[in-house]
Protein chains: 2
Amino acid sequence: MTEAIKPSDLTGSLRQPVNVRLAADGLSVRILDQTQLPNRTVYLDLSLPEQQYEAIAKLRVRGAPAIGIFAAMAYAVAAARSQQTDPAAFIAELAQFSAYLNRSRPTAVNLSWALRRMQAFTVARQTASRPQLLAQIRQEAEQIQQEDIAMCRAIAQFGLSLLHDGDTVLTHCNAGPLATSLYGTALGPVLLAQEQQRHLKVFADETRPLLQGARLTAYELQQAGVEVTLICDNMAGLVMKQGLVQACLVGCDRVAANGDAANKIGTSQVAVLAHYYHIPFYVLGPGSTIDMNCPDGDHIVIEERSGEEIRSLYYREPMAPQGIHFYNPAFDVTDHNLITAVITEKGIIRPPFKQELARWFA
Amino acid sequence: MTEAIKPSDLTGSLRQPVNVRLAADGLSVRILDQTQLPNRTVYLDLSLPEQQYEAIAKLRVRGAPAIGIFAAMAYAVAAARSQQTDPAAFIAELAQFSAYLNRSRPTAVNLSWALRRMQAFTVARQTASRPQLLAQIRQEAEQIQQEDIAMCRAIAQFGLSLLHDGDTVLTHCNAGPLATSLYGTALGPVLLAQEQQRHLKVFADETRPLLQGARLTAYELQQAGVEVTLICDNMAGLVMKQGLVQACLVGCDRVAANGDAANKIGTSQVAVLAHYYHIPFYVLGPGSTIDMNCPDGDHIVIEERSGEEIRSLYYREPMAPQGIHFYNPAFDVTDHNLITAVITEKGIIRPPFKQELARWFA
């Protein structure tokens with residue numbers, strides 16, 4: 001089930017996704033186990049529903065778009081492995097599979113979206129011959145990944161148009177290829193520039209407490225050959241003050257109709273710092289994260305997680321006393337008046353956000 | 001040499017210093033080993049110069065005022081243990097001891113200051129009988145600690161006068177009793193309020209990469225019975241945005257003549273956030289940290305430390321890839337225009353800082 005590879009095997013990571021791939025025989029999905037990064041580059045070949053469920057639940061595959069792609073490919077594997085010859089029984093088995101996998105991470109919108117799309121696709125073609133149907137299902141799963149690549153590429157192009165060769169950008173958390181397909185969202189302009197031999201440099205916040213910046217962003221940028229400097233979250237202000245950064249690029253989990261943007265905890269204070277130091281602050285994400293039914297950031301509920309993530313996770317021994325209080329919000333909301341532009345696959349959206357978002361996404 | 005005690009033994013920590021104490025027989029200095037906190041409360045009885053040197057060099061005792069107090073007490077121990085009966089030989093031996101201990105942490109100003117003061121005191125009284133001289137040396141060492149207590153108490157009183165009962169303050173790094181004698185500087189108002197049954201609550205930044213907030217500030221506040229909530233450094237902005245904090249209190253390593261203040265990395269961005277959210281930002285420290293010979297923050301050199309502190313310190317395994325860049329400045333400078341007031345034992349100094357600091361400290 002596991003296979004260790006050398007980092008040099010990943011040099012193609014700019015040209016094809018390494019996080020999620022359908023095996024050549026279509027009987028398993030190969031993922032890069034993100035929980036083992038950056039210390040071990042381990043691929044897992046997942047053929048059984050239980051393995052696939054566990055991979056999502058344990059965050060071995062993470063990032064909303066990547067989870068959707070993975071689920072679609074897992075669906076294609078389930079179809080290829082089905083022993084049901086009767087079309088109705090085949091459809092029923094895949095419905096059962098979808099319901100099972102969908103429970104692995106209930107709040108992931110892309111997960112249920114991808115499974116619904118695959119099931120509807122199959123139902124619409126159930127009269128086709130089985131070999132033909134399996135080939136089409138497989139193509140559809142790979143199509144979802146290709147669509148994500150195209151979307152990320154469009155975001156990257158729009159983002160890159162705002163930057164200059166040699167610029168250094170600051171990013172927070174991880175919104176790169178590991179979380180999507182290729183390019184990512186916030187890292188897209190950087191990786192596209194790298195592909196085009198136009199080089200950008202990056203300061204990456206380590207992003208406590210889960211260290212996505214240290215573990216994942218630094219890793220993917222290094223793999224792609226980008227010059228990346230890792231800092232602690234409390235150094236972002238100094239880096240800006242010293243004039244070392246020309247723009248901030250961050251991803252988003254949800255953007256309200258007025259432009260308020262929810263993203264990983266710490267994003268909003270990066271925005272305040274950028275505002276103070278007159279550095280443009282860009283939010284990058286797919287149009288699907290614009291939620292026109294959410295009027296503003298006050299309507300976005302912020303998940304609170306266990307204090308043990310702050311106190312003891314990753315450490316040899318706990319680094320804070322027992323019995324004190326912890327506050328561990330997983331996200332925060334950046335006020336729209338701190339955001340220079342929201343960049344989606346449709347284009348660059350600038351203030352006034354309420355009017356502009358309504359124009360593009362109503 | 002070591003002795004483990006239960007946390008309940010420390011309930012007297014508001015009334016007498018627990019970090020550095022001269023033994024009843026005057027033949028050793030007892031320190032609370034700060035490198036073992038918060039997991040183990042271990043006291044070390046240090047009687048030999050080599051042990052004392054190691055305790056400073058390895059940060060078992062840390063904080064400029066605490067190091068000065070410790071050095072003075074170590075000097076008293078060296079005097080009490082001396083076998084030299086001849087006054088000149090006795091003085092020479094103590095001079096040699098002072099030169100040796102002074103090398104344990106060359107940049108610590110209080111270390112050399114305390115040793116010079118003790119040696120001058122001894123030289124001035126070398127004709128006294130030995131028992132009388134030893135008693136006076138011991139008193140002088142304890143006097144240095146008492147002076148620090150009085151200074152911290154004055155800072156605490158001035159600071160507390162700016163706060164209201166029930167306020168919650170945010171602090172960064174550690175500027176408490178462990179680093180001084182009693183009260184500390186930034187934590188002084190909080191601990192004085194606690195002593196007076198007027199309760200303040202605290203949000204403590206964990207303060208990456210060395211985690212002084214998690215390891216030391218959370219520990220001392222818990223020991224004193226103060227309600228403390230630990231957050232990651234990237235959560236300070238959200239806590240302010242949510243209206244959970246009424247003031248920020250931080251220490252300082254050096255304040256320039258124009259009010260620019262150097263302190264632990266991350267302090268300056270807390271100040272930017274407080275400015276944006278209209279929260280008063282107070283810098284607390286002894287008058288000795290005001291450096292009227294330093295015109296402004298641009299003249300303060302910022303120490304850079306190893307990237308391994310970010311990548312691997314305290315972790316079970318490294319949390320970032322090898323071969324990337326790290327930027328690990330140990331301090332930053334907060335612009336004077338972000339500081340509401342500088343609080344010293346002399347009083348509360350408000351803008352314009354250049355004129356006001358000159359009036360108090362020229």
# chains A, B, ... in the order shown; residues from 1 in each chain; ligands from 1

$ interface_residues --of "chain A" --to "chain B" --cutoff "8 Å" --atoms "only C-alpha atoms" --output "JSON, numbers by chain"
{"A": [38, 39, 207, 208, 209, 211, 214, 215, 218, 219, 222, 227, 228, 229, 230, 231, 232, 233, 234, 235, 236, 237, 238, 265, 266, 267, 268, 269, 272, 273, 276, 310, 311, 314, 315, 316, 317, 318, 319, 320, 321, 324, 325, 326, 327, 328, 329, 332]}

$ write_last_selection --atoms "C-alpha atoms" --output "PDB file, in the first residue's frame"
ATOM      1  CA  PRO A  38       7.573  17.079   4.637  1.00  0.00           C
ATOM      2  CA  ASN A  39       9.612  14.267   6.158  1.00  0.00           C
ATOM      3  CA  THR A 207       0.683  28.931  10.180  1.00  0.00           C
ATOM      4  CA  ARG A 208       0.252  27.645  13.694  1.00  0.00           C
ATOM      5  CA  PRO A 209      -1.071  25.459  15.145  1.00  0.00           C
ATOM      6  CA  LEU A 211       1.769  24.300  10.422  1.00  0.00           C
ATOM      7  CA  ALA A 214       5.838  24.861   7.130  1.00  0.00           C
ATOM      8  CA  ARG A 215       4.736  21.364   6.210  1.00  0.00           C
ATOM      9  CA  ALA A 218       7.304  25.294   1.909  1.00  0.00           C
ATOM     10  CA  TYR A 219       7.390  21.736   0.582  1.00  0.00           C
ATOM     11  CA  GLN A 222      10.687  23.839  -2.850  1.00  0.00           C
ATOM     12  CA  GLU A 227      12.853  30.297  -3.539  1.00  0.00           C
ATOM     13  CA  VAL A 228      10.844  30.099  -0.313  1.00  0.00           C
ATOM     14  CA  THR A 229      11.660  31.555   3.111  1.00  0.00           C
ATOM     15  CA  LEU A 230       9.759  30.193   6.093  1.00  0.00           C
ATOM     16  CA  ILE A 231       8.908  32.567   8.940  1.00  0.00           C
ATOM     17  CA  CYS A 232       6.904  32.304  12.151  1.00  0.00           C
ATOM     18  CA  ASP A 233       3.483  33.949  12.034  1.00  0.00           C
ATOM     19  CA  ASN A 234       4.688  36.744  14.315  1.00  0.00           C
ATOM     20  CA  MET A 235       7.399  37.796  11.819  1.00  0.00           C
ATOM     21  CA  ALA A 236       5.075  38.826   8.970  1.00  0.00           C
ATOM     22  CA  GLY A 237       4.831  42.401  10.248  1.00  0.00           C
ATOM     23  CA  LEU A 238       8.606  42.836  10.421  1.00  0.00           C
ATOM     24  CA  ILE A 265      -6.762  31.713  11.242  1.00  0.00           C
ATOM     25  CA  GLY A 266      -4.212  34.496  11.007  1.00  0.00           C
ATOM     26  CA  THR A 267      -5.220  35.629   7.525  1.00  0.00           C
ATOM     27  CA  SER A 268      -7.100  38.667   8.810  1.00  0.00           C
ATOM     28  CA  GLN A 269      -4.131  39.964  10.773  1.00  0.00           C
ATOM     29  CA  VAL A 272      -4.293  44.409   8.770  1.00  0.00           C
ATOM     30  CA  LEU A 273      -0.482  44.417   8.576  1.00  0.00           C
ATOM     31  CA  TYR A 276      -0.751  49.385   7.577  1.00  0.00           C
ATOM     32  CA  ILE A 310      -1.706  24.517  20.577  1.00  0.00           C
ATOM     33  CA  ARG A 311      -0.416  22.803  23.712  1.00  0.00           C
ATOM     34  CA  TYR A 314       3.830  17.750  17.099  1.00  0.00           C
ATOM     35  CA  TYR A 315       5.879  18.400  20.277  1.00  0.00           C
ATOM     36  CA  ARG A 316       8.032  15.903  22.146  1.00  0.00           C
ATOM     37  CA  GLU A 317       6.220  16.989  25.301  1.00  0.00           C
ATOM     38  CA  PRO A 318       3.495  19.578  26.004  1.00  0.00           C
ATOM     39  CA  MET A 319       4.810  23.154  25.798  1.00  0.00           C
ATOM     40  CA  ALA A 320       2.175  24.853  28.000  1.00  0.00           C
ATOM     41  CA  PRO A 321       0.819  24.008  31.452  1.00  0.00           C
ATOM     42  CA  ILE A 324      -4.991  26.929  31.581  1.00  0.00           C
ATOM     43  CA  HIS A 325      -7.466  28.119  28.951  1.00  0.00           C
ATOM     44  CA  PHE A 326      -6.846  27.883  25.233  1.00  0.00           C
ATOM     45  CA  TYR A 327      -8.594  29.668  22.381  1.00  0.00           C
ATOM     46  CA  ASN A 328      -8.113  27.913  19.055  1.00  0.00           C
ATOM     47  CA  PRO A 329     -10.311  29.336  16.281  1.00  0.00           C
ATOM     48  CA  ASP A 332     -11.026  34.170  10.786  1.00  0.00           C
TER      49      ASP A 332
END

$ select_by_dssp --residues "range 133-346 of chain B" --states "strand (DSSP E)" --output "ChimeraX atom specification"
/B:168-171,201-205,228-231,247-250,254-256,261-264,281-284,290-291,325-326,331-334,341-344

$ write_last_selection --atoms "C-alpha atoms" --output "short mmCIF file (atom, residue, chain, number, x, y, z; two decimals), in the first residue's frame"
data_model
loop_
_atom_site.label_atom_id
_atom_site.label_comp_id
_atom_site.auth_asym_id
_atom_site.auth_seq_id
_atom_site.Cartn_x
_atom_site.Cartn_y
_atom_site.Cartn_z
CA THR B 168 -8.53 41.56 29.78
CA VAL B 169 -5.04 42.37 28.55
CA LEU B 170 -2.96 40.78 25.82
CA THR B 171 0.75 40.16 26.32
CA LYS B 201 -7.52 38.40 32.75
CA VAL B 202 -4.82 37.72 30.19
CA PHE B 203 -4.51 36.50 26.62
CA ALA B 204 -0.93 35.28 26.18
CA ASP B 205 0.66 34.93 22.72
CA VAL B 228 -4.89 33.06 31.37
CA THR B 229 -5.85 32.01 27.84
CA LEU B 230 -3.08 30.90 25.53
CA ILE B 231 -3.34 31.69 21.81
CA ALA B 247 -5.13 46.79 26.46
CA CYS B 248 -1.81 45.32 25.33
CA LEU B 249 1.10 45.13 27.79
CA VAL B 250 4.57 44.22 26.57
CA ARG B 254 15.73 48.78 24.70
CA VAL B 255 13.84 52.02 24.11
CA ALA B 256 15.41 54.65 21.83
CA ALA B 261 11.01 50.14 21.42
CA ALA B 262 12.88 46.90 20.74
CA ASN B 263 11.31 43.77 22.16
CA LYS B 264 10.75 40.09 21.31
CA PHE B 281 -0.54 49.57 23.58
CA TYR B 282 1.72 49.96 26.61
CA VAL B 283 5.47 49.26 26.81
CA LEU B 284 6.68 48.52 30.36
CA ILE B 290 15.76 53.79 28.00
CA ASP B 291 18.84 54.41 25.87
CA HIS B 325 15.41 29.39 3.62
CA PHE B 326 14.47 30.56 7.10
CA PHE B 331 13.57 40.97 18.09
CA ASP B 332 11.75 43.72 16.30
CA VAL B 333 11.31 47.44 16.84
CA THR B 334 7.91 48.97 17.50
CA ALA B 341 2.66 55.08 26.70
CA VAL B 342 6.02 53.87 28.01
CA ILE B 343 5.74 52.91 31.68
CA THR B 344 8.83 52.92 33.90
#

$ residues_around --residues "range 182-194 of chain A" --least-positions-apart "3" --cutoff "7 Å" --atoms "only C-alpha atoms" --output "ChimeraX atom specification"
/A:14,16-17,149,152-153,155-157,159-160,175-177,179,197-200,226,249-251,284-285

$ write_last_selection --atoms "N, CA and C atoms" --output "short mmCIF file (atom, residue, chain, number, x, y, z; two decimals), in the first residue's frame"
data_model
loop_
_atom_site.label_atom_id
_atom_site.label_comp_id
_atom_site.auth_asym_id
_atom_site.auth_seq_id
_atom_site.Cartn_x
_atom_site.Cartn_y
_atom_site.Cartn_z
N LEU A 14 4.96 20.39 -11.66
CA LEU A 14 4.35 21.57 -12.25
C LEU A 14 3.50 21.20 -13.45
N GLN A 16 1.97 17.86 -14.02
CA GLN A 16 0.82 17.00 -13.76
C GLN A 16 0.62 16.83 -12.26
N PRO A 17 -0.63 16.68 -11.86
CA PRO A 17 -0.91 16.59 -10.42
C PRO A 17 -0.20 15.41 -9.79
N ILE A 149 -7.76 22.09 -12.96
CA ILE A 149 -6.49 22.64 -13.47
C ILE A 149 -6.76 23.92 -14.26
N CYS A 152 -7.72 26.74 -11.86
CA CYS A 152 -6.55 27.23 -11.12
C CYS A 152 -5.63 28.03 -12.05
N ARG A 153 -5.50 27.55 -13.30
CA ARG A 153 -4.63 28.26 -14.24
C ARG A 153 -5.17 29.65 -14.55
N ILE A 155 -7.09 31.48 -12.54
CA ILE A 155 -6.84 32.29 -11.33
C ILE A 155 -5.38 32.74 -11.31
N ALA A 156 -4.48 31.80 -11.62
CA ALA A 156 -3.05 32.10 -11.59
C ALA A 156 -2.70 33.19 -12.60
N GLN A 157 -3.29 33.11 -13.78
CA GLN A 157 -2.99 34.11 -14.80
C GLN A 157 -3.46 35.50 -14.39
N GLY A 159 -3.93 36.51 -11.35
CA GLY A 159 -3.09 36.94 -10.22
C GLY A 159 -1.73 37.42 -10.68
N LEU A 160 -1.13 36.64 -11.59
CA LEU A 160 0.21 36.98 -12.06
C LEU A 160 0.22 38.33 -12.79
N ALA A 175 -2.49 27.03 0.09
CA ALA A 175 -3.49 27.03 -0.98
C ALA A 175 -2.74 26.79 -2.28
N GLY A 176 -2.12 25.62 -2.36
CA GLY A 176 -1.30 25.26 -3.51
C GLY A 176 -1.81 24.02 -4.20
N PRO A 177 -0.99 23.41 -5.06
CA PRO A 177 -1.39 22.23 -5.82
C PRO A 177 -1.85 21.06 -4.93
N ALA A 179 -3.64 21.06 -2.44
CA ALA A 179 -5.04 21.25 -2.04
C ALA A 179 -5.98 21.28 -3.24
N GLN A 197 9.37 30.76 -16.40
CA GLN A 197 10.72 31.29 -16.17
C GLN A 197 10.71 32.74 -15.72
N ARG A 198 9.59 33.17 -15.15
CA ARG A 198 9.52 34.51 -14.56
C ARG A 198 9.44 34.27 -13.07
N HIS A 199 10.46 34.64 -12.35
CA HIS A 199 10.57 34.13 -10.99
C HIS A 199 10.03 35.08 -9.93
N LEU A 200 9.19 34.54 -9.07
CA LEU A 200 8.73 35.23 -7.87
C LEU A 200 9.33 34.50 -6.67
N VAL A 226 10.91 27.01 -6.43
CA VAL A 226 10.69 28.41 -6.03
C VAL A 226 11.50 28.72 -4.77
N LEU A 249 -0.66 37.11 -0.93
CA LEU A 249 -1.59 36.24 -1.66
C LEU A 249 -2.11 35.19 -0.68
N VAL A 250 -3.43 35.14 -0.51
CA VAL A 250 -4.02 34.12 0.38
C VAL A 250 -5.20 33.47 -0.32
N GLY A 251 -5.53 32.27 0.13
CA GLY A 251 -6.71 31.57 -0.38
C GLY A 251 -7.95 32.00 0.38
N LEU A 284 -7.45 34.84 -3.32
CA LEU A 284 -7.59 34.05 -4.55
C LEU A 284 -8.40 32.79 -4.28
N GLY A 285 -9.38 32.51 -5.14
CA GLY A 285 -10.17 31.29 -4.96
C GLY A 285 -11.13 31.10 -6.11
#

$ closest_residue --among "A:Ala64, A:Ala114, A:Val29, A:Ala358" --to "Pro49 in chain A" --atoms "only C-alpha atoms"
A:Val29

$ select_by_dssp --residues "range 166-240 of chain B" --states "helix (DSSP H, G or I)" --output "VMD selection string"
chain B and resid 177 to 179 188 to 195 212 to 223 233 to 240
